[in-house]
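Enquirer: Once you've had a glance at the structure underneath, I'll fire off some questions.
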Amino acid sequence: MPKLIVCLTGMPGAGKSTIAAGLEKKGFTSINMGDAVRAEAKRRNLDPSGQNLGKLMLELREKNGQGAVAELIKDKIINSKSDVVVIDGVRSNAEIEVLKKITQVKLLAIHASTDTRFGFLSSRKRSDDPSDRKMFDERDNREIGVGISASIALADETISNNNLSIDQLVDTAYQIIKKWLK
């Protein structure tokens, strides 16, 4: 069976990284799109602040097309030994099109309310996580600006993550992927 790429999409803080980490424990390869941008920032000696990473993401897309971030992870996908590669943080249909040139792609959207997402991001403490509601709103608007709404709308399946435990969230995603593999 050919490799399956499972793209996780959703607004920041919806639970994509939690699902990716849980699926990795079940033997799938997980690749984080944001990590690809953070690695590029490090290569350029940029501070990995939310503002800098946002600007870099937009610059990469302006220079190399809307699928630019997906281009950064193609080799990792191709070289993965896993039959299922989970991509954490797909933001646009152009990125999905880049990945479809490699193998079969399925899109899993994760939804959560703004209050739920802000709570998750406030406790996560990644370098680019918003420290207040204004920064949170700015990040949401930037994500919407690069086309995340379209990828969410085109999802093959959707999980609502407002009242799920971590185990329930990961298991729900795992069951969906198992169904896709049949």
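Residues in the structure tokens are named by chain (A, B, ... in the order shown) and by number from 1 within that chain; ligands are numbered from 1 in the order shown.
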Would you mind writing down, as a list in words, each residue of stretch 15-154 of chain A that DSSP on the backbone assigns to strand (DSSP E)?

Expert: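 Here are the strand (DSSP E) residues of stretch 15-154 of chain A: Thr29, Ser30, Ile31, Asn32, Val84, Val85, Val86, Ile87, Asp88, Gln104, Val105, Lys106, Leu107, Leu108, Ala109, Ile110 and His111 of chain A.
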
Enquirer: Emit the selected residues as a PDB file, in the first residue's frame, including C-alpha atoms.

Expert:
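The result, stored in part-v2.pdb:
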```pdb
ATOM      1  CA  THR A  29       5.808   9.637  11.567  1.00  0.00           C
ATOM      2  CA  SER A  30       4.868  13.190  12.530  1.00  0.00           C
ATOM      3  CA  ILE A  31       6.172  16.324  10.817  1.00  0.00           C
ATOM      4  CA  ASN A  32       5.343  19.807  12.111  1.00  0.00           C
ATOM      5  CA  VAL A  84       1.318   6.999   7.558  1.00  0.00           C
ATOM      6  CA  VAL A  85       2.912  10.437   7.803  1.00  0.00           C
ATOM      7  CA  VAL A  86       1.033  12.967   9.907  1.00  0.00           C
ATOM      8  CA  ILE A  87       1.575  16.594   8.894  1.00  0.00           C
ATOM      9  CA  ASP A  88       0.866  18.960  11.759  1.00  0.00           C
ATOM     10  CA  GLN A 104      -2.345  10.027  -1.283  1.00  0.00           C
ATOM     11  CA  VAL A 105      -3.441  12.829   1.053  1.00  0.00           C
ATOM     12  CA  LYS A 106      -6.303  12.988   3.547  1.00  0.00           C
ATOM     13  CA  LEU A 107      -7.238  16.128   5.437  1.00  0.00           C
ATOM     14  CA  LEU A 108      -8.347  16.044   9.084  1.00  0.00           C
ATOM     15  CA  ALA A 109      -9.628  19.333  10.540  1.00  0.00           C
ATOM     16  CA  ILE A 110      -9.623  19.987  14.263  1.00  0.00           C
ATOM     17  CA  HIS A 111     -12.053  22.588  15.572  1.00  0.00           C
TER      18      HIS A 111
END
```

Enquirer: Taking 3 positions as the minimum chain separation for residues in the same chain, which residues sit within 6 Å of A:Gly50 when counting only C-alpha atoms? Answer as a ChimeraX atom specification.

Expert: /A:53-54,128

Enquirer: Store the residues picked out above, limited to N, CA and C atoms, as a CSV table (one decimal), in the first residue's frame.

Expert:
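For reference, part.csv as written:
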```csv
chain,number,residue,atom,x,y,z
A,53,LEU,N,8.3,34.6,13.0
A,53,LEU,CA,7.9,33.4,12.3
A,53,LEU,C,6.8,33.7,11.3
A,54,GLY,N,5.9,34.5,11.7
A,54,GLY,CA,4.8,34.9,10.8
A,54,GLY,C,5.3,35.6,9.6
A,128,ASP,N,6.4,31.1,19.9
A,128,ASP,CA,5.5,31.9,19.0
A,128,ASP,C,4.1,32.0,19.5
```

Enquirer: What's the 12 Å shell around A:Leu23, counting only C-alpha atoms, without same-chain residues fewer than 5 positions away, as a list of chain:residue names?

Expert: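 Once the nearby chain positions are removed, what remains is A:Val6, A:Leu8, A:Lys16, A:Ser17, A:Thr18, A:Phe28, A:Thr29, A:Ser30, A:Ile31, A:Ser82, A:Val84, A:Val85, A:Val86, A:Ile87, A:Asp88, A:Ile166, A:Asp167, A:Leu169, A:Val170, A:Asp171, A:Thr172, A:Ala173, A:Tyr174, A:Gln175, A:Ile176, A:Ile177, A:Lys178.
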
Enquirer: Atom CA of A:Gly27 to atom CA of A:Ser151: how many Å, to one decimal?

Expert: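 Spanning atom CA of A:Gly27 to atom CA of A:Ser151 is a straight-line distance of 25.6 Å.
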
Enquirer: For stretch 40-45 of chain A, find every residue with an atom within 12 Å (counting only C-alpha atoms), except residues of its own chain fewer than 2 positions away, and show them as a ChimeraX atom specification.

Expert: /A:33-38,47-57,59-60,68-69,72-73,128

Enquirer: Show which residues sit within 8 Å of A:Pro130, as a list in words. Count only C-alpha atoms, and ignore same-chain residues fewer than 6 positions away.

Expert: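 In the requested form, the answer reads Gly50, Leu121, Ser122, Phe136 and Arg139 of chain A.
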
Enquirer: Can you check which residues of stretch 79-117 of chain A DSSP gives as alpha helix (DSSP H) on the backbone and send them as a list in words?

Expert: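 Secondary structure check on stretch 79-117 of chain A, alpha helix (DSSP H): Asn79, Asn93, Ala94, Glu95, Ile96, Glu97, Val98, Leu99, Lys100, Thr114, Asp115, Thr116 and Arg117 of chain A.
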
Enquirer: Restricting the calculation to only C-alpha atoms, which member of A:Glu62, A:Glu157, A:Asp137, A:Asp129 is positioned closest to A:Gly13?

Expert: A:Asp129

Enquirer: So which one's closest to A:Ile144, A:Asn79, A:Ser92, A:Thr158, A:Gln66? Using only C-alpha atoms, please.

Expert: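 That would be A:Ser92, the residue with the smallest distance to A:Ile144.
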
Enquirer: For A:Gly65, list every protein, DNA or RNA residue within 10 Å, evaluated using only C-alpha atoms, and leave out those in the same chain fewer than 6 positions away; present the list as a list in words.

Expert: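 That gives Leu58, Glu59, Glu71, Ala94 and Glu95 of chain A.
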
Enquirer: Let me see the file: selected residues, N, CA and C atoms, as a PDB file, in the first residue's frame.

Expert:
```
ATOM      1  N   LEU A  58       5.194  34.258   5.630  1.00  0.00           N
ATOM      2  CA  LEU A  58       4.632  35.049   4.532  1.00  0.00           C
ATOM      3  C   LEU A  58       5.688  35.314   3.457  1.00  0.00           C
ATOM      4  N   GLU A  59       6.936  35.580   3.883  1.00  0.00           N
ATOM      5  CA  GLU A  59       8.023  35.830   2.926  1.00  0.00           C
ATOM      6  C   GLU A  59       8.311  34.584   2.081  1.00  0.00           C
ATOM      7  N   GLU A  71       6.973  22.465   0.637  1.00  0.00           N
ATOM      8  CA  GLU A  71       8.197  22.118  -0.103  1.00  0.00           C
ATOM      9  C   GLU A  71       9.348  21.831   0.863  1.00  0.00           C
ATOM     10  N   ALA A  94      -2.745  25.164  -1.349  1.00  0.00           N
ATOM     11  CA  ALA A  94      -1.519  25.072  -2.145  1.00  0.00           C
ATOM     12  C   ALA A  94      -0.535  24.092  -1.502  1.00  0.00           C
ATOM     13  N   GLU A  95      -0.465  24.093  -0.163  1.00  0.00           N
ATOM     14  CA  GLU A  95       0.400  23.136   0.529  1.00  0.00           C
ATOM     15  C   GLU A  95      -0.106  21.707   0.292  1.00  0.00           C
TER      16      GLU A  95
END
```

Enquirer: Within 9 Å of stretch 117-119 of chain A, counting only C-alpha atoms, which residues qualify if same-chain residues fewer than 6 places away don't, as a list of chain:residue names?

Expert: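 That gives A:Met11, A:Pro12, A:Gly13, A:Ala14, A:Gly15, A:Pro130, A:Asp132, A:Arg133, A:Phe136, A:Asn162.
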
Enquirer: What would the file look like if the residues just selected were written as a PDB file, in the first residue's frame with C-alpha atoms?

Expert:
```
ATOM      1  CA  MET A  11      -6.744  27.189  13.867  1.00  0.00           C
ATOM      2  CA  PRO A  12      -3.807  27.640  16.288  1.00  0.00           C
ATOM      3  CA  GLY A  13      -4.421  25.827  19.565  1.00  0.00           C
ATOM      4  CA  ALA A  14      -7.158  23.510  18.255  1.00  0.00           C
ATOM      5  CA  GLY A  15      -5.194  20.362  19.176  1.00  0.00           C
ATOM      6  CA  PRO A 130       0.423  34.590  21.962  1.00  0.00           C
ATOM      7  CA  ASP A 132      -2.531  38.025  25.285  1.00  0.00           C
ATOM      8  CA  ARG A 133      -5.840  38.105  23.436  1.00  0.00           C
ATOM      9  CA  PHE A 136      -4.025  35.709  19.665  1.00  0.00           C
ATOM     10  CA  ASN A 162     -13.986  21.408  23.018  1.00  0.00           C
TER      11      ASN A 162
END
```

Enquirer: What is the distance between atom CA of A:Ala153 and atom CA of A:Asn93, in Å to one decimal?

Expert: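 Computed distance, atom CA of A:Ala153 to atom CA of A:Asn93, equals 10.2 Å.
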
Enquirer: Nearest residue to A:Leu4 out of A:Ala150, A:Met135, A:Val90, A:Ile77, using only C-alpha atoms?

Expert: A:Ile77

Enquirer: Restricting the calculation to only C-alpha atoms: of A:Leu164, A:Gly145, A:Leu46, A:Leu154, which residue gets closest to A:Cys7?

Expert: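 Of all the options, A:Leu154 lies closest to A:Cys7.
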